Amino acid sequence: MRTHALSLLCLLPCVAACELLSGSDPSTWQSVDDRTVPDSLAALYRVDAARLALRVVYDDERPEREEVELPTALVDELYDALALVYNATGLDSRDWVVERFPIHTFPNPEVFELTVGVFPSKEWVGAWQSGQRFTGNTHIDQLLETYDLSLEAYHDRSMHRANLRAGRPLNVAALAMRFEGIDGVRYAEPLSWFGDGNDIRARSRGEHWELEYSVGYGDCPSGCVQRHYWTFLADLGGFVRYEGDRGDPIPEGS
């Protein structure tokens with residue numbers, strides 16, 4: 001966890017400095033000392049942070065949207081923000097999004113898998129048909145190695161296609177474009193997800209990250225018709241503030 005320069009002002013016995021940091025009454029912020037997250041949960045939050053970063057890149061139309069690798073600094077900031085909320089055990093509202101509804105990002109956009117449609121008549125495609133990862137095609141194999149792609153499945157019914165999975169979160173839409181134009185490739189695209197569900201959204205608010213957690217319910221395979229939201233503001237210097245909740249009633253039996 002990096003230390004935000006402005007947060008050091010709160011170490012001084014000066015209320016005005018803390019108000020400069022938070023933009024409001026400093027008593028509404030909780031100082032979080034323990035920045036650790038259990039390994040199994042940290043892995044999930046790392047994926048969440050990657051997906052949130054990719055959304056920010058596309059929403060803000062940043063140049064990085066053309067890159068396959070995700071911007072490390074942005075991913076780290078968003079992971080830190082998620083870890084701060086997790087460790088803000090002094091906030092009762094934290095239990096709703098961490099314990100009662102263990103909320104993570106809905107898997108859209110895809111950050112691991114893509115589908116590559118191929119012409120089975122091409123010699124190199126035979127390797128995928130037989131379950132082999134590397135094909136002998138220089139361009140294909142270089143992409144497999146560079147982005148740690150494994151062959152998850154090959155489908156030979158109707159239209160031939162292979163499912164590939166990356167060993168780390170990536171901008172899969174940009175990765176798919178790298179397959180375009182390779183002899184034998186019909187198309188390449190991220191794995192498609194349908195429906196809806198729980199989610200986390202992130203928005204930059206100056207020196208802070210606003211994290212909006214939501215639980216969706218009511219015919220979610222077609223698109224959740226009801227949703228309840230909890231919002232937190234995370235300062236990367238180690239402070240978290242609960243901003244309130246809104247939306248439809250919390251699902252019964254939660």
# chains A, B, ... in the order shown; residues from 1 in each chain; ligands from 1
$ residues_around --residues "His208 in chain A" --least-positions-apart "3" --cutoff "8 Å" --atoms "only C-alpha atoms" --output "short mmCIF file (atom, residue, chain, number, x, y, z; two decimals) with C-alpha atoms, in the first residue's frame"
data_model
loop_
_atom_site.label_atom_id
_atom_site.label_comp_id
_atom_site.auth_asym_id
_atom_site.auth_seq_id
_atom_site.Cartn_x
_atom_site.Cartn_y
_atom_site.Cartn_z
CA SER A 204 -12.27 9.07 -9.28
CA ARG A 205 -13.17 11.98 -7.00
CA LEU A 233 -14.97 6.96 -0.30
CA ALA A 234 -11.39 5.66 0.04
CA ASP A 235 -8.34 7.85 0.50
CA LEU A 236 -5.19 5.89 -0.31
#
$ select_by_dssp --residues "range 64-148 of chain A" --states "alpha helix (DSSP H)" --output "ChimeraX atom specification"
/A:72-87,94-95,125-129,138-146
$ residues_around --residues "Gly126 in chain A" --least-positions-apart "2" --cutoff "12 Å" --atoms "only C-alpha atoms" --output "number ranges by chain"
A: 118-124, 128-137, 154, 156, 160-162, 184
$ closest_atom_pairs --of "range 80-172 of chain A" --to "range 210-232 of chain A" --cutoff "9 Å" --atoms "only C-alpha atoms" --output "CSV"
residue,atom,partner,partner_atom,distance
A:Ala81,CA,A:Leu211,CA,7.9
A:Leu82,CA,A:Leu211,CA,7.9
A:Val85,CA,A:Phe232,CA,7.4
A:Ser93,CA,A:Trp230,CA,7.8
A:Arg94,CA,A:Trp230,CA,8.8
A:Trp96,CA,A:Trp230,CA,8.3
A:Val97,CA,A:Tyr213,CA,6.7
A:Phe101,CA,A:Val215,CA,7.4
A:Ile103,CA,A:Tyr213,CA,6.8
A:His104,CA,A:Tyr213,CA,8.0
A:Thr105,CA,A:Tyr213,CA,8.6
$ select_by_dssp --residues "range 18-194 of chain A" --states "strand (DSSP E or B)" --output "number ranges by chain"
A: 30-31, 113-118, 149-155, 161-166, 185-190
$ residues_around --residues "Glu110 in chain A" --least-positions-apart "2" --cutoff "8 Å" --atoms "only C-alpha atoms" --output "PyMOL selection string"
chain A and resi 51+107-108+112-113+171-172+190-193
$ atom_distance --atom1 "CA of His139 in chain A" --atom2 "CA of Ala188 in chain A"
14.1 Å
